[in-house]
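Reproduced below: query_5.tsv, with TSV, C-alpha atoms and all ligand atoms.
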```tsv
chain	number	residue	atom	x	y	z
R	1	MET	CA	0.00	0.00	0.00
R	2	PRO	CA	1.60	3.33	-0.96
R	3	GLN	CA	2.34	5.69	1.90
R	4	LEU	CA	1.52	9.36	1.78
R	5	LEU	CA	4.60	11.54	1.96
R	6	ARG	CA	3.93	13.98	4.72
R	7	GLY	CA	4.62	17.35	3.29
R	8	GLY	CA	3.66	20.96	3.48
R	9	ARG	CA	0.56	22.22	1.83
R	10	TRP	CA	0.41	22.76	-1.87
R	11	ARG	CA	-0.96	26.22	-1.18
R	12	ALA	CA	2.34	27.02	0.49
R	13	VAL	CA	4.13	25.86	-2.63
R	14	LEU	CA	2.05	28.20	-4.70
R	15	ALA	CA	2.68	31.12	-2.44
R	16	ARG	CA	6.40	30.51	-2.41
R	17	ALA	CA	6.54	29.79	-6.12
R	18	ARG	CA	4.78	33.05	-6.88
R	19	ARG	CA	7.40	34.89	-4.87
R	20	ALA	CA	10.00	32.85	-6.78
R	21	VAL	CA	11.39	31.70	-3.46
R	22	LEU	CA	11.28	27.96	-3.32
R	23	PHE	CA	12.26	25.68	-0.52
R	24	ALA	CA	12.89	22.02	-0.79
R	25	GLY	CA	11.90	21.62	2.84
R	26	PRO	CA	14.09	20.49	5.73
R	27	ARG	CA	16.49	17.71	4.89
R	28	GLY	CA	17.95	14.82	6.84
R	29	ALA	CA	16.40	12.25	9.12
R	30	SER	CA	14.58	10.80	6.16
R	31	GLY	CA	14.64	7.18	5.10
R	32	GLY	CA	16.07	5.64	1.96
R	33	PRO	CA	14.16	3.67	-0.62
R	34	GLY	CA	11.35	1.69	0.92
R	35	CYS	CA	11.10	3.77	4.10
R	36	ALA	CA	7.57	3.67	5.37
R	37	ARG	CA	6.95	7.32	5.96
R	38	ASP	CA	8.76	10.62	5.64
R	39	ALA	CA	7.67	12.76	8.56
R	40	THR	CA	10.32	15.41	8.14
R	41	SER	CA	9.06	17.12	5.02
R	42	GLY	CA	8.40	20.78	5.38
R	43	ALA	CA	6.59	23.34	3.35
R	44	GLY	CA	7.43	23.94	-0.26
R	45	GLU	CA	7.00	20.39	-1.56
R	46	LEU	CA	4.87	18.59	-4.07
R	47	ARG	CA	2.99	15.89	-2.21
R	48	GLY	CA	3.43	12.35	-3.42
R	49	GLU	CA	3.04	8.75	-2.43
R	50	LEU	CA	5.88	6.33	-1.85
R	51	ASP	CA	5.79	3.03	-3.70
R	52	ARG	CA	7.36	-0.24	-2.55
R	53	PHE	CA	10.41	0.26	-4.79
R	54	GLY	CA	11.29	3.62	-3.27
R	55	GLY	CA	9.78	5.79	-6.00
R	56	VAL	CA	7.45	8.76	-5.53
R	57	SER	CA	4.12	9.18	-7.35
R	58	VAL	CA	2.71	12.68	-7.71
R	59	ARG	CA	-0.90	12.92	-8.86
R	60	LEU	CA	-1.59	16.49	-9.93
R	61	ALA	CA	-5.35	15.79	-9.95
R	62	ARG	CA	-5.20	15.28	-6.17
R	63	LEU	CA	-3.34	18.52	-5.42
R	64	ASP	CA	-5.25	21.68	-4.64
R	65	ALA	CA	-5.11	24.86	-6.69
R	66	MET	CA	-3.22	23.37	-9.65
R	67	HIS	CA	-5.52	25.25	-12.00
R	68	ARG	CA	-4.09	28.55	-10.71
R	69	LEU	CA	-0.46	27.51	-11.06
R	70	ASP	CA	1.51	28.69	-14.06
R	71	PRO	CA	4.11	26.45	-15.77
R	72	VAL	CA	7.10	28.52	-14.61
R	73	ALA	CA	6.08	28.28	-10.95
R	74	PHE	CA	5.38	24.58	-11.38
R	75	GLN	CA	8.83	23.99	-12.82
R	76	ARG	CA	10.47	25.69	-9.86
R	77	ALA	CA	8.41	23.71	-7.37
R	78	LEU	CA	9.18	20.46	-9.19
R	79	GLN	CA	12.89	21.24	-9.34
R	80	ALA	CA	13.02	21.82	-5.58
R	81	ALA	CA	11.04	18.67	-4.95
R	82	ILE	CA	13.35	16.58	-7.18
R	83	GLN	CA	16.35	17.90	-5.27
R	84	LYS	CA	14.78	16.82	-2.00
R	85	TRP	CA	13.68	13.41	-3.27
R	86	ARG	CA	17.18	12.81	-4.62
R	87	SER	CA	18.72	13.67	-1.24
R	88	GLU	CA	16.31	11.24	0.39
R	89	GLY	CA	17.44	8.44	-1.91
R	90	ARG	CA	14.20	8.09	-3.84
R	91	VAL	CA	14.78	6.01	-6.98
R	92	ALA	CA	12.19	7.50	-9.32
R	93	VAL	CA	9.42	10.06	-9.71
R	94	TRP	CA	6.10	9.31	-11.44
R	95	LEU	CA	4.12	12.35	-12.49
R	96	HIS	CA	0.46	11.79	-13.33
R	97	ILE	CA	-0.91	14.72	-15.35
R	98	PRO	CA	-4.62	15.11	-16.24
R	99	ILE	CA	-5.08	16.05	-19.89
R	100	LEU	CA	-6.41	19.51	-19.00
R	101	GLN	CA	-3.19	20.23	-17.07
R	102	SER	CA	-0.97	19.27	-19.99
R	103	ARG	CA	0.75	22.68	-19.79
R	104	PHE	CA	2.89	21.07	-17.03
R	105	ILE	CA	4.32	18.44	-19.40
R	106	ALA	CA	6.89	20.72	-21.06
R	107	PRO	CA	8.30	22.08	-17.74
R	108	ALA	CA	8.61	18.51	-16.43
R	109	ALA	CA	10.31	17.39	-19.66
R	110	SER	CA	12.82	20.23	-19.33
R	111	LEU	CA	13.81	18.71	-15.95
R	112	GLY	CA	14.43	15.30	-17.54
R	113	PHE	CA	11.00	13.64	-17.34
R	114	CYS	CA	9.92	11.43	-20.27
R	115	PHE	CA	6.52	10.07	-21.24
R	116	HIS	CA	5.90	6.67	-19.73
R	117	HIS	CA	2.36	6.23	-21.09
R	118	ALA	CA	-0.88	8.03	-21.77
R	119	GLU	CA	-4.52	7.07	-21.33
R	120	SER	CA	-7.46	8.93	-22.84
R	121	ASP	CA	-7.65	11.46	-19.98
R	122	SER	CA	-4.14	11.63	-18.54
R	123	SER	CA	-0.46	11.12	-19.19
R	124	THR	CA	2.18	9.63	-16.91
R	125	LEU	CA	5.76	10.88	-17.02
R	126	SER	CA	8.69	9.35	-15.21
R	127	LEU	CA	12.16	10.37	-14.06
R	128	TRP	CA	14.78	7.86	-12.89
R	129	LEU	CA	16.78	9.11	-9.90
R	130	GLY	CA	18.52	5.87	-8.92
R	131	GLU	CA	22.03	4.64	-9.64
R	132	GLY	CA	22.92	3.61	-13.20
R	133	PRO	CA	20.47	3.17	-16.08
R	134	SER	CA	16.75	3.26	-15.39
R	135	ARG	CA	15.20	0.06	-14.08
R	136	LEU	CA	11.63	1.33	-14.50
R	137	PRO	CA	9.49	-1.12	-16.47
R	138	GLY	CA	8.11	0.06	-19.80
R	139	TYR	CA	4.41	0.22	-20.63
R	140	ALA	CA	2.29	-2.09	-22.83
R	141	THR	CA	4.29	-3.57	-25.70
R	142	HIS	CA	1.67	-5.52	-27.67
R	143	GLN	CA	-1.83	-5.24	-28.98
R	144	VAL	CA	-3.87	-8.45	-28.93
R	145	GLY	CA	-6.09	-9.51	-31.82
R	146	VAL	CA	-8.26	-12.63	-31.57
R	147	ALA	CA	-10.04	-14.54	-34.32
R	148	GLY	CA	-12.53	-17.37	-34.14
R	149	ALA	CA	-12.16	-20.49	-36.30
R	150	VAL	CA	-15.83	-21.49	-36.07
R	151	PHE	CA	-15.95	-25.11	-37.20
R	152	ASP	CA	-19.13	-27.15	-37.57
R	153	GLU	CA	-18.10	-30.80	-37.15
R	154	ASN	CA	-21.45	-32.05	-38.51
R	155	THR	CA	-21.07	-30.39	-41.93
R	156	ARG	CA	-17.23	-29.96	-41.96
R	157	LYS	CA	-17.83	-26.28	-42.77
R	158	ILE	CA	-15.77	-23.40	-41.45
R	159	LEU	CA	-16.87	-19.76	-41.15
R	160	VAL	CA	-14.76	-17.34	-43.22
R	161	VAL	CA	-14.94	-13.67	-44.20
R	162	GLN	CA	-13.29	-11.30	-46.63
R	163	ASP	CA	-12.25	-7.98	-45.16
R	164	ARG	CA	-13.77	-4.90	-46.79
R	165	ASN	CA	-10.86	-2.61	-45.86
R	166	LYS	CA	-8.01	-4.66	-47.32
R	167	LEU	CA	-6.38	-4.19	-50.73
R	168	LYS	CA	-6.53	-7.94	-51.41
R	169	ASN	CA	-9.79	-9.75	-50.64
R	170	MET	CA	-8.55	-12.93	-49.02
R	171	TRP	CA	-10.48	-15.41	-46.91
R	172	LYS	CA	-9.73	-15.20	-43.20
R	173	PHE	CA	-11.34	-15.99	-39.89
R	174	PRO	CA	-13.56	-13.27	-38.38
R	175	GLY	CA	-11.88	-11.50	-35.47
R	176	GLY	CA	-10.65	-8.24	-34.03
R	177	LEU	CA	-8.93	-6.50	-31.19
R	178	SER	CA	-9.38	-7.53	-27.59
R	179	GLU	CA	-10.85	-4.92	-25.27
R	180	PRO	CA	-9.18	-4.04	-21.96
R	181	GLY	CA	-10.00	-6.68	-19.35
R	182	GLU	CA	-11.58	-9.05	-21.88
R	183	ASP	CA	-10.82	-12.79	-21.90
R	184	ILE	CA	-9.38	-14.19	-25.14
R	185	GLY	CA	-12.30	-16.57	-25.72
R	186	ASP	CA	-14.82	-13.79	-25.06
R	187	THR	CA	-13.14	-11.58	-27.68
R	188	ALA	CA	-13.35	-14.38	-30.25
R	189	VAL	CA	-17.04	-15.04	-29.55
R	190	ARG	CA	-17.90	-11.31	-29.53
R	191	GLU	CA	-16.00	-10.49	-32.73
R	192	VAL	CA	-17.46	-13.48	-34.58
R	193	PHE	CA	-20.96	-12.40	-33.60
R	194	GLU	CA	-20.39	-8.71	-34.45
R	195	GLU	CA	-18.87	-9.49	-37.86
R	196	THR	CA	-20.99	-12.46	-39.00
R	197	GLY	CA	-24.10	-12.72	-36.77
R	198	ILE	CA	-23.09	-16.31	-35.83
R	199	LYS	CA	-23.38	-17.33	-32.17
R	200	SER	CA	-20.67	-19.66	-30.90
R	201	GLU	CA	-18.88	-20.88	-27.81
R	202	PHE	CA	-15.20	-21.14	-26.95
R	203	ARG	CA	-13.55	-24.56	-27.26
R	204	SER	CA	-9.78	-24.00	-27.29
R	205	LEU	CA	-6.86	-21.86	-28.28
R	206	LEU	CA	-5.19	-23.06	-31.51
R	207	SER	CA	-2.34	-20.70	-32.37
R	208	ILE	CA	-0.50	-17.52	-31.37
R	209	ARG	CA	1.29	-15.33	-33.88
R	210	GLN	CA	3.64	-12.58	-32.71
R	211	GLN	CA	4.73	-9.86	-35.15
R	212	HIS	CA	6.82	-6.81	-34.36
R	213	THR	CA	6.61	-3.24	-35.73
R	214	HIS	CA	3.10	-4.04	-36.95
R	215	PRO	CA	1.57	-1.19	-39.00
R	216	GLY	CA	-1.91	-1.91	-37.57
R	217	ALA	CA	-0.55	-1.75	-34.03
R	218	PHE	CA	0.82	1.79	-34.40
R	219	GLY	CA	4.31	0.32	-34.87
R	220	LYS	CA	4.13	-1.83	-31.72
R	221	SER	CA	4.07	-5.63	-31.61
R	222	ASP	CA	0.94	-7.59	-32.47
R	223	MET	CA	-0.25	-10.85	-30.95
R	224	TYR	CA	-2.84	-12.60	-33.11
R	225	ILE	CA	-4.53	-15.51	-31.39
R	226	ILE	CA	-6.86	-17.95	-33.15
R	227	CYS	CA	-9.44	-19.86	-31.11
R	228	ARG	CA	-11.51	-22.91	-32.03
R	229	LEU	CA	-15.19	-22.11	-31.56
R	230	LYS	CA	-18.28	-24.29	-31.84
R	231	PRO	CA	-21.27	-22.67	-33.59
R	232	TYR	CA	-24.78	-22.80	-32.17
R	233	SER	CA	-26.45	-20.59	-34.78
R	234	PHE	CA	-25.92	-20.92	-38.53
R	235	THR	CA	-27.66	-18.05	-40.37
R	236	ILE	CA	-25.12	-15.50	-41.54
R	237	ASN	CA	-25.89	-11.78	-41.11
R	238	PHE	CA	-22.54	-10.13	-41.70
R	239	CYS	CA	-21.34	-6.62	-40.84
R	240	GLN	CA	-21.36	-4.50	-44.03
R	241	HIS	CA	-18.81	-2.02	-42.60
R	242	GLU	CA	-16.07	-4.57	-42.07
R	243	CYS	CA	-16.82	-7.54	-44.34
R	244	LEU	CA	-17.20	-7.85	-48.09
R	245	ARG	CA	-18.22	-11.52	-48.04
R	246	CYS	CA	-18.95	-14.15	-45.43
R	247	GLU	CA	-19.71	-17.84	-45.90
R	248	TRP	CA	-19.60	-21.34	-44.51
R	249	MET	CA	-16.81	-22.97	-46.55
R	250	ASP	CA	-15.89	-26.63	-46.70
R	251	LEU	CA	-12.76	-27.02	-44.56
R	252	SER	CA	-10.90	-28.90	-47.31
R	253	ASP	CA	-11.67	-26.04	-49.75
R	254	LEU	CA	-10.11	-23.55	-47.31
R	255	VAL	CA	-7.07	-25.84	-47.03
R	256	LYS	CA	-6.74	-25.90	-50.84
R	257	THR	CA	-7.51	-22.29	-51.77
R	258	GLU	CA	-4.72	-19.87	-52.61
R	259	ASN	CA	-6.99	-16.95	-51.89
R	260	THR	CA	-6.19	-16.82	-48.21
R	261	THR	CA	-3.49	-15.65	-45.80
R	262	PRO	CA	-0.66	-18.03	-44.81
R	263	ILE	CA	-1.81	-18.04	-41.19
R	264	THR	CA	-5.42	-18.91	-42.13
R	265	SER	CA	-4.16	-21.70	-44.42
R	266	ARG	CA	-1.92	-23.08	-41.66
R	267	VAL	CA	-4.70	-23.08	-39.06
R	268	ALA	CA	-7.13	-24.65	-41.57
R	269	ARG	CA	-4.63	-27.54	-41.94
R	270	LEU	CA	-4.31	-27.75	-38.16
R	271	LEU	CA	-8.10	-27.99	-37.87
R	272	LEU	CA	-8.28	-30.70	-40.53
R	273	TYR	CA	-5.63	-32.67	-38.61
R	274	GLY	CA	-7.60	-32.21	-35.35
R	275	TYR	CA	-10.84	-33.22	-37.03
R	276	ARG	CA	-9.29	-36.44	-38.40
R	277	GLU	CA	-7.03	-37.39	-35.49
R	278	GLY	CA	-8.85	-35.89	-32.49
R	279	PHE	CA	-8.99	-32.27	-31.32
R	280	ASP	CA	-6.95	-33.18	-28.23
R	281	LYS	CA	-3.97	-33.27	-30.65
R	282	ILE	CA	-4.31	-29.54	-31.39
R	283	ASP	CA	-6.31	-27.93	-28.55
R	284	LEU	CA	-4.91	-25.75	-25.79
R	285	THR	CA	-7.81	-25.84	-23.38
R	286	MET	CA	-8.57	-23.24	-20.73
R	287	GLU	CA	-8.91	-23.52	-16.97
R	288	GLU	CA	-9.47	-20.85	-14.33
R	289	LEU	CA	-7.09	-20.81	-11.35
R	290	PRO	CA	-6.68	-18.52	-8.31
R	291	ALA	CA	-3.84	-16.00	-8.31
R	292	VAL	CA	-1.67	-16.39	-5.20
R	293	TYR	CA	-0.80	-12.75	-4.49
R	294	THR	CA	-3.81	-10.76	-5.62
R	295	GLY	CA	-6.70	-13.03	-4.66
R	296	LEU	CA	-7.99	-12.64	-8.24
R	297	PHE	CA	-8.49	-15.41	-10.78
R	298	TYR	CA	-6.77	-15.97	-14.12
R	299	LYS	CA	-7.19	-18.22	-17.13
R	300	ILE	CA	-4.45	-20.68	-18.06
R	301	TYR	CA	-4.26	-22.35	-21.50
R	302	HIS	CA	-2.35	-25.58	-22.13
R	303	LYS	CA	-2.64	-29.07	-23.61
R	304	GLU	CA	-4.96	-31.32	-21.63
R	305	LEU	CA	-3.32	-32.60	-18.42
R	306	PRO	CA	-4.66	-35.92	-17.06
R	307	ASP	CA	-6.39	-35.57	-13.66
R	308	SER	CA	-3.86	-37.90	-12.07
R	309	TYR	CA	-1.12	-35.37	-12.95
R	310	LYS	CA	-3.20	-32.40	-11.76
R	311	THR	CA	-3.54	-33.87	-8.28
R	312	MET	CA	-0.26	-35.75	-7.86
R	313	THR	CA	1.78	-34.68	-4.86
R	314	GLY	CA	5.09	-36.50	-5.28
R	315	MET	CA	7.16	-37.70	-8.20
R	316	ASP	CA	6.16	-41.36	-7.85
F	1	LIG	N1	-3.55	-12.83	-41.00
F	1	LIG	C1	-4.81	-12.57	-40.92
F	1	LIG	O1	-5.67	-13.36	-41.36
F	1	LIG	C2	-5.20	-11.28	-40.34
F	1	LIG	C3	-4.95	-10.98	-39.02
F	1	LIG	N2	-5.36	-9.82	-38.46
F	1	LIG	C4	-5.14	-9.56	-37.04
F	1	LIG	O2	-6.41	-9.27	-36.49
F	1	LIG	C5	-6.26	-8.27	-35.49
F	1	LIG	C6	-7.05	-7.05	-35.85
F	1	LIG	O3	-8.25	-7.41	-36.41
F	1	LIG	P1	-9.15	-6.38	-37.24
F	1	LIG	O4	-10.22	-7.19	-37.86
F	1	LIG	O5	-8.29	-5.54	-38.13
F	1	LIG	O6	-9.68	-5.42	-36.06
F	1	LIG	P2	-11.18	-5.10	-35.56
F	1	LIG	O7	-12.15	-6.11	-36.06
F	1	LIG	O8	-11.07	-4.88	-34.09
F	1	LIG	O9	-11.48	-3.68	-36.22
F	1	LIG	C7	-11.39	-3.45	-37.61
F	1	LIG	C8	-12.24	-2.22	-37.94
F	1	LIG	O10	-11.82	-1.11	-37.12
F	1	LIG	C9	-11.89	0.09	-37.88
F	1	LIG	N3	-10.56	0.69	-37.94
F	1	LIG	C10	-9.38	0.07	-37.68
F	1	LIG	N4	-8.37	0.95	-37.81
F	1	LIG	C11	-8.92	2.11	-38.17
F	1	LIG	C12	-8.39	3.41	-38.44
F	1	LIG	N5	-7.07	3.66	-38.37
F	1	LIG	N6	-9.25	4.39	-38.77
F	1	LIG	C13	-10.60	4.16	-38.83
F	1	LIG	N7	-11.14	2.95	-38.57
F	1	LIG	C14	-10.33	1.95	-38.25
F	1	LIG	C15	-12.41	-0.29	-39.26
F	1	LIG	O11	-13.81	-0.13	-39.26
F	1	LIG	C16	-12.06	-1.75	-39.37
F	1	LIG	O12	-12.94	-2.43	-40.24
F	1	LIG	C17	-4.78	-7.97	-35.40
F	1	LIG	O13	-4.24	-8.76	-34.35
F	1	LIG	C18	-4.27	-8.38	-36.75
F	1	LIG	O14	-2.92	-8.74	-36.70
F	1	LIG	C19	-6.08	-8.92	-39.19
F	1	LIG	C20	-6.30	-9.16	-40.54
F	1	LIG	C21	-5.89	-10.36	-41.19
F	2	MG	MG	-12.21	-7.60	-37.56
```

Could you take the file, read its structure, and then write that structure out as C-alpha cells?
Amino acid sequence: MPQLLRGGRWRAVLARARRAVLFAGPRGASGGPGCARDATSGAGELRGELDRFGGVSVRLARLDAMHRLDPVAFQRALQAAIQKWRSEGRVAVWLHIPILQSRFIAPAASLGFCFHHAESDSSTLSLWLGEGPSRLPGYATHQVGVAGAVFDENTRKILVVQDRNKLKNMWKFPGGLSEPGEDIGDTAVREVFEETGIKSEFRSLLSIRQQHTHPGAFGKSDMYIICRLKPYSFTINFCQHECLRCEWMDLSDLVKTENTTPITSRVARLLLYGYREGFDKIDLTMEELPAVYTGLFYKIYHKELPDSYKTMTGMD
C-alpha cells in the first residue's frame, strides 16, 4: 500500500513559487528507498506517495489549486522537490498529469522527465533518480487480436470472411482487437458475432502469432490468437462495414484455396488434422485458477493434463 509523503501544503508551494522563493523543505532524518513514511518534510514540496520500490508518485489531480499555477512556478516547485527526493534516496518520480493540465508536461520534460504512457484522460511521465540506467518497467508492448475459427463438425464447414478494408480480398477468420480486461475466448465469440451474426462458444486456443513493428498496431508488436469455436447458430448476417463476403466454406476447400493468408491456411490444416485425429492433438484448453498474491483469478491455457497429474503430490 503506498504511503503518503507527509509534506507541506500545496498552497504554500504556490505562495512561495509566486514569490519565486522555493524551498525544498528540511532535509535529513529521512529514510532511503522503501522507508515507510517521511515525517520530516516541510513546506514547499509537491505531495506524493511512496511506492514499494522507493519511488514517488505525484498525482496532480489530487493537489489543490493546480488550475491557478503557471508552468514557470510549477517547474520551480518540481525542481526543488526533485532535489529533495534525490537527497532522500528516492529512486524515481512518477508524475500523473490530467489532460487539462498538460501545460505542465513541457516544464517537467525540461527537468528530464519522459513520457511513460498516456490514457485517454491523462499522461504519466517518469524520471529515474537511482544509480545507473533506469530500471523502471516500460508500458504495454503488444496489442492483442483474436479470431474465431468457427468449425461445424457435422457439416465440416468453417466460417470465413473477406475484409472490406483490405487491398486484397482474401479469406480469413472473423476477429478483431481484444478490449481491456476481456478474456481471449470472449473476444473471439464477440467479434465473430459482431462481424458475422453467428453465435458460438469457446472450445480452445489453436495458435498464437507474434509480429513486431506491426503497422496496424501503431508500430508496436501484435499478438494474433486464433481460437476454435463451436457454432450454435448458422444463419449469416454479416457486418457491411467490415466484411465484403462471409460464408460457410468446406474445410478442405479452405485448405486448398490460394486466396487466403498463410496463417489462415496453416490453421485450416491444423483444424483438418484435429478433425481427423482428435482435437486433443491440437487444442490448448482453458482452466481458471486462483492467483496467489492478488486473490484474483486468471485463465491458463495448455494441452490437456490428465487428472492424475493435476492432483499428484510427489514424483512417484
Ligand atoms: N492474418 C490474418 O488473417 C489477419 C490478421 N489480423 C489480425 O487481427 C487483429 C485485428 O483485427 P481487425 O479485424 O483488423 O480489427 P477489428 O475487427 O477490431 O477492427 C477493424 C475495424 O476497425 C476500424 N478501424 C481500424 N483501424 C482504423 C483506423 N485507423 N481508422 C478508422 N477505422 C479503423 C475499421 O472499421 C475496421 O474495419 C490484429 O491482431 C491483426 O494482426 C487482421 C487481418 C488479417
Ligand atoms: Mg475484424

Do a neighbour search on Lys230 (chain R) at 10 Å with only C-alpha atoms, toss out local chain neighbours closer than 4 positions, and write the hits as a count of residues only.
-> 14

Name the residues in contact with region 169-173 of chain R at a cut-off of 10 Å, using only C-alpha atoms, excluding same-chain residues fewer than 6 positions from it; report them as a PyMOL selection string.
-> chain R and resi 146-150+158-163+188+192+226-227+243-247+249+254+257-265+267-268

Compare R:Tyr224, R:Phe104, R:Phe74, R:Trp248 by their minimum atom-to-atom distance to Arg156 (chain R), counting all atoms listed in the file, and give me the closest one.
-> R:Trp248

Kindly give the distance, in Å, that separates CA of Met312 (chain R) and CA of Leu206 (chain R), rounded to a single decimal.
->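 These atoms are spaced 27.3 Å apart.
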
Can I get the residues of chain R within 6 Å of ligand MG 2 (chain F), each with the closest pair of atoms and their distance in Å to one decimal, using all atoms listed in the file, sorted chain first then ascending number, as CSV?
```
residue,atom,partner,partner_atom,distance
R:Pro174,CA,F:MG2,MG,5.9
R:Gly175,CA,F:MG2,MG,4.4
R:Gly176,CA,F:MG2,MG,3.9
```

Which polymer residues, protein or nucleic acid, are no farther than 10 Å from (9.4, 24.1, -11.2), counting all atoms listed in the file, as an NGL selection string?
-> :R and (17 or 20 or 22 or 70-82 or 104 or 107-108 or 110-111)

Expressed in Å, the length from CA of Phe238 (chain R) to CA of Glu191 (chain R) is 11.1 Å

With distances taken over only C-alpha atoms, the candidate from R:Ser233, R:Thr285, R:Ser221, R:Thr313 nearest Tyr301 (chain R) is R:Thr285

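When CA of Met223 (chain R) is paired with CA of Tyr139 (chain R), their separation reads 15.8 Å.
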
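In terms of minimum interatomic distance to Glu304 (chain R), R:Asp280 ranks closest within R:Asp280, R:Ser57, R:Asp186, R:Gln210, counting all atoms listed in the file.
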